[in-house]
Structures are given as C-alpha cells and as structure tokens.
file work-v2.cif (mmCIF, N, CA and C atoms)
data_protein
#
loop_
_atom_site.label_atom_id
_atom_site.label_comp_id
_atom_site.auth_asym_id
_atom_site.auth_seq_id
_atom_site.Cartn_x
_atom_site.Cartn_y
_atom_site.Cartn_z
N MET E 20 -51.93 -26.52 6.86
CA MET E 20 -52.47 -25.46 6.05
C MET E 20 -53.23 -26.08 4.88
N ILE E 21 -54.37 -25.50 4.58
CA ILE E 21 -55.22 -26.00 3.50
C ILE E 21 -55.01 -25.12 2.28
N ALA E 22 -54.70 -25.76 1.15
CA ALA E 22 -54.53 -25.02 -0.10
C ALA E 22 -55.89 -24.85 -0.77
N VAL E 23 -56.20 -23.62 -1.14
CA VAL E 23 -57.47 -23.31 -1.80
C VAL E 23 -57.14 -22.66 -3.12
N THR E 24 -57.76 -23.14 -4.18
CA THR E 24 -57.50 -22.58 -5.50
C THR E 24 -58.37 -21.36 -5.76
N GLU E 25 -57.95 -20.57 -6.73
CA GLU E 25 -58.72 -19.39 -7.14
C GLU E 25 -60.10 -19.81 -7.63
N ASP E 26 -60.18 -20.94 -8.32
CA ASP E 26 -61.45 -21.45 -8.82
C ASP E 26 -62.40 -21.78 -7.66
N GLU E 27 -61.86 -22.38 -6.61
CA GLU E 27 -62.68 -22.72 -5.44
C GLU E 27 -63.20 -21.46 -4.75
N ILE E 28 -62.37 -20.43 -4.66
CA ILE E 28 -62.80 -19.16 -4.07
C ILE E 28 -63.90 -18.54 -4.92
N SER E 29 -63.70 -18.53 -6.22
CA SER E 29 -64.71 -17.97 -7.13
C SER E 29 -66.05 -18.70 -7.01
N LYS E 30 -65.99 -20.03 -6.93
CA LYS E 30 -67.22 -20.82 -6.77
C LYS E 30 -67.90 -20.51 -5.44
N ALA E 31 -67.12 -20.39 -4.37
CA ALA E 31 -67.68 -20.09 -3.05
C ALA E 31 -68.35 -18.73 -3.05
N ILE E 32 -67.72 -17.75 -3.68
CA ILE E 32 -68.30 -16.41 -3.76
C ILE E 32 -69.58 -16.44 -4.60
N ALA E 33 -69.55 -17.18 -5.69
CA ALA E 33 -70.74 -17.27 -6.56
C ALA E 33 -71.91 -17.93 -5.83
N LEU E 34 -71.62 -18.94 -5.02
CA LEU E 34 -72.68 -19.65 -4.30
C LEU E 34 -73.26 -18.81 -3.16
N ASN E 35 -72.41 -18.06 -2.48
CA ASN E 35 -72.88 -17.26 -1.36
C ASN E 35 -72.04 -16.00 -1.23
N PRO E 36 -72.34 -14.99 -2.04
CA PRO E 36 -71.52 -13.77 -2.07
C PRO E 36 -71.54 -12.95 -0.78
N GLU E 37 -72.44 -13.27 0.13
CA GLU E 37 -72.53 -12.53 1.39
C GLU E 37 -71.93 -13.28 2.57
N ASP E 38 -71.28 -14.40 2.32
CA ASP E 38 -70.68 -15.20 3.40
C ASP E 38 -69.43 -14.48 3.92
N PRO E 39 -69.43 -14.05 5.17
CA PRO E 39 -68.28 -13.30 5.69
C PRO E 39 -66.98 -14.11 5.67
N GLN E 40 -67.06 -15.41 5.86
CA GLN E 40 -65.84 -16.24 5.86
C GLN E 40 -65.22 -16.28 4.46
N VAL E 41 -66.05 -16.37 3.44
CA VAL E 41 -65.55 -16.39 2.06
C VAL E 41 -64.93 -15.04 1.72
N LEU E 42 -65.61 -13.97 2.08
CA LEU E 42 -65.09 -12.63 1.81
C LEU E 42 -63.78 -12.39 2.54
N LEU E 43 -63.70 -12.85 3.79
CA LEU E 43 -62.47 -12.71 4.57
C LEU E 43 -61.34 -13.51 3.93
N LEU E 44 -61.62 -14.71 3.50
CA LEU E 44 -60.60 -15.55 2.87
C LEU E 44 -60.08 -14.88 1.60
N LYS E 45 -60.96 -14.30 0.81
CA LYS E 45 -60.54 -13.61 -0.40
C LYS E 45 -59.62 -12.45 -0.06
N CYS E 46 -59.94 -11.70 0.97
CA CYS E 46 -59.08 -10.59 1.41
C CYS E 46 -57.71 -11.10 1.85
N GLN E 47 -57.70 -12.19 2.60
CA GLN E 47 -56.44 -12.75 3.08
C GLN E 47 -55.56 -13.20 1.91
N ILE E 48 -56.18 -13.80 0.91
CA ILE E 48 -55.43 -14.24 -0.26
C ILE E 48 -54.87 -13.04 -1.02
N ASP E 49 -55.70 -12.03 -1.23
CA ASP E 49 -55.23 -10.81 -1.91
C ASP E 49 -54.08 -10.18 -1.14
N TYR E 50 -54.19 -10.13 0.17
CA TYR E 50 -53.14 -9.56 1.02
C TYR E 50 -51.85 -10.35 0.87
N ALA E 51 -51.96 -11.67 0.90
CA ALA E 51 -50.78 -12.53 0.78
C ALA E 51 -50.13 -12.41 -0.60
N ARG E 52 -50.90 -12.10 -1.60
CA ARG E 52 -50.36 -11.93 -2.95
C ARG E 52 -49.72 -10.56 -3.16
N GLY E 53 -49.77 -9.73 -2.14
CA GLY E 53 -49.14 -8.42 -2.23
C GLY E 53 -50.07 -7.27 -2.55
N ASN E 54 -51.35 -7.56 -2.72
CA ASN E 54 -52.35 -6.51 -2.99
C ASN E 54 -52.86 -5.95 -1.66
N ARG E 55 -51.94 -5.45 -0.85
CA ARG E 55 -52.27 -5.09 0.52
C ARG E 55 -53.25 -3.93 0.63
N THR E 56 -53.07 -2.89 -0.15
CA THR E 56 -53.96 -1.73 -0.07
C THR E 56 -55.38 -2.11 -0.46
N GLU E 57 -55.51 -2.80 -1.57
CA GLU E 57 -56.84 -3.23 -2.02
C GLU E 57 -57.48 -4.18 -1.01
N ALA E 58 -56.70 -5.11 -0.49
CA ALA E 58 -57.22 -6.07 0.49
C ALA E 58 -57.66 -5.35 1.76
N PHE E 59 -56.89 -4.37 2.19
CA PHE E 59 -57.25 -3.63 3.40
C PHE E 59 -58.55 -2.85 3.20
N HIS E 60 -58.73 -2.27 2.03
CA HIS E 60 -59.98 -1.54 1.74
C HIS E 60 -61.16 -2.51 1.69
N GLN E 61 -60.95 -3.68 1.10
CA GLN E 61 -62.01 -4.69 1.07
C GLN E 61 -62.35 -5.14 2.49
N LEU E 62 -61.33 -5.37 3.30
CA LEU E 62 -61.56 -5.81 4.67
C LEU E 62 -62.30 -4.73 5.46
N SER E 63 -61.97 -3.47 5.23
CA SER E 63 -62.67 -2.37 5.91
C SER E 63 -64.15 -2.37 5.55
N ALA E 64 -64.46 -2.61 4.26
CA ALA E 64 -65.85 -2.65 3.82
C ALA E 64 -66.58 -3.84 4.45
N ILE E 65 -65.90 -4.98 4.53
CA ILE E 65 -66.51 -6.16 5.15
C ILE E 65 -66.76 -5.91 6.63
N LYS E 66 -65.83 -5.25 7.28
CA LYS E 66 -65.97 -4.94 8.71
C LYS E 66 -67.20 -4.05 8.96
N GLN E 67 -67.43 -3.11 8.05
CA GLN E 67 -68.61 -2.25 8.18
C GLN E 67 -69.89 -3.05 7.97
N LYS E 68 -69.84 -4.01 7.07
CA LYS E 68 -71.01 -4.82 6.76
C LYS E 68 -71.32 -5.83 7.86
N PHE E 69 -70.26 -6.37 8.50
CA PHE E 69 -70.40 -7.37 9.56
C PHE E 69 -69.64 -6.88 10.81
N PRO E 70 -70.15 -5.84 11.47
CA PRO E 70 -69.38 -5.21 12.56
C PRO E 70 -69.17 -6.09 13.79
N PHE E 71 -69.93 -7.15 13.95
CA PHE E 71 -69.80 -7.97 15.15
C PHE E 71 -69.18 -9.33 14.88
N HIS E 72 -68.63 -9.53 13.70
CA HIS E 72 -67.99 -10.80 13.35
C HIS E 72 -66.59 -10.83 13.95
N ARG E 73 -66.37 -11.72 14.89
CA ARG E 73 -65.11 -11.77 15.63
C ARG E 73 -63.89 -11.97 14.73
N GLY E 74 -63.97 -12.91 13.79
CA GLY E 74 -62.83 -13.19 12.92
C GLY E 74 -62.45 -11.99 12.08
N ILE E 75 -63.44 -11.28 11.57
CA ILE E 75 -63.18 -10.10 10.75
C ILE E 75 -62.56 -9.00 11.61
N ASN E 76 -63.10 -8.79 12.80
CA ASN E 76 -62.55 -7.77 13.69
C ASN E 76 -61.11 -8.08 14.09
N GLU E 77 -60.82 -9.33 14.37
CA GLU E 77 -59.46 -9.72 14.74
C GLU E 77 -58.50 -9.50 13.58
N GLU E 78 -58.91 -9.88 12.38
CA GLU E 78 -58.05 -9.70 11.20
C GLU E 78 -57.83 -8.22 10.93
N PHE E 79 -58.89 -7.43 11.04
CA PHE E 79 -58.78 -5.99 10.80
C PHE E 79 -57.81 -5.37 11.80
N ASP E 80 -57.95 -5.71 13.07
CA ASP E 80 -57.05 -5.17 14.10
C ASP E 80 -55.60 -5.55 13.83
N LYS E 81 -55.39 -6.80 13.41
CA LYS E 81 -54.04 -7.28 13.11
C LYS E 81 -53.45 -6.49 11.94
N TRP E 82 -54.21 -6.34 10.88
CA TRP E 82 -53.72 -5.61 9.70
C TRP E 82 -53.52 -4.15 10.01
N PHE E 83 -54.46 -3.56 10.75
CA PHE E 83 -54.37 -2.13 11.06
C PHE E 83 -53.12 -1.86 11.89
N THR E 84 -52.86 -2.71 12.88
CA THR E 84 -51.70 -2.56 13.73
C THR E 84 -50.42 -2.70 12.91
N TYR E 85 -50.37 -3.72 12.02
CA TYR E 85 -49.20 -3.93 11.19
C TYR E 85 -48.98 -2.75 10.24
N ASN E 86 -50.03 -2.30 9.57
CA ASN E 86 -49.90 -1.19 8.62
C ASN E 86 -49.54 0.11 9.31
N LYS E 87 -50.00 0.29 10.52
CA LYS E 87 -49.71 1.49 11.28
C LYS E 87 -48.24 1.52 11.68
N SER E 88 -47.67 0.36 12.00
CA SER E 88 -46.28 0.29 12.44
C SER E 88 -45.30 0.30 11.27
N SER E 89 -45.79 0.04 10.05
CA SER E 89 -44.91 -0.02 8.88
C SER E 89 -44.57 1.36 8.36
#
call {"tool": "encode", "arguments": {"input": "work-v2.cif", "output": "structure tokens"}}
result
Amino acid sequence: MIAVTEDEISKAIALNPEDPQVLLLKCQIDYARGNRTEAFHQLSAIKQKFPFHRGINEEFDKWFTYNKSS
C-alpha cells in the first residue's frame, strides 16, 4: 500500500484538477476517513463527468452495492 499525504493530493489536484484518477483517489480518502455521504456524492459527480472510466464505474458499483446493503 502506498501512503499519500493530504499535501500530495492537494498538489495533484492543483496541477490537474480534471484528472479522474486524482479525483477518484480524493473520494476514496474521504470515504476512508468516514465522510461517506460526501464522498459518495463526489463519486457520483465524477461518474457523470467520466461515464466510461472503468475504475470510477467499478468503485461506484462497489460503494453503491455496499451502501444499499447497509
């Protein structure tokens, strides 16, 4: 597992705010920190912006299935 600091995420977003991988990573970090509702809404917005991105679709399906069963 690779540890990424908040500063590194902020720099990555500043350099390329439209990078789907950076946006997805930010959502995953927010989700892991317990900000699940906010992270899910962010992920939904990213999914609409990048509807054919496999990683985003897989993550969305995983979260949606988990949240639906909870």
call {"tool": "resolve_selection", "arguments": {"input": "work-v2.cif", "expression": "the PyMOL selection byres ((chain E and resi 72-86) around 8)", "output": "PyMOL selection string"}}
result
chain E and resi 39-40+43+59+62-63+65-66+68-71+87-89
call {"tool": "atom_distance", "arguments": {"input": "work-v2.cif", "atom1": "atom CA of E:Asn35", "atom2": "atom CA of E:Gly53"}}
result
25.3 Å
call {"tool": "select_by_dssp", "arguments": {"input": "work-v2.cif", "residues": "chain E", "states": "alpha helix (DSSP H)", "output": "ChimeraX atom specification"}}
result
/E:25-34,39-51,55-68,73-88
call {"tool": "atom_distance", "arguments": {"input": "work-v2.cif", "atom1": "atom CA of E:Ala31", "atom2": "atom C of E:Leu44"}}
result
10.3 Å
call {"tool": "atom_distance", "arguments": {"input": "work-v2.cif", "atom1": "atom CA of E:Ile48", "atom2": "atom CA of E:Leu34"}}
result
18.5 Å
call {"tool": "residues_around", "arguments": {"input": "work-v2.cif", "residues": "E:Ser29", "least_positions_apart": "4", "cutoff": "12 Å", "atoms": "only C-alpha atoms", "output": "MDAnalysis selection string"}}
result
chainID E and resid 23:25 33:36 41:42 44:45
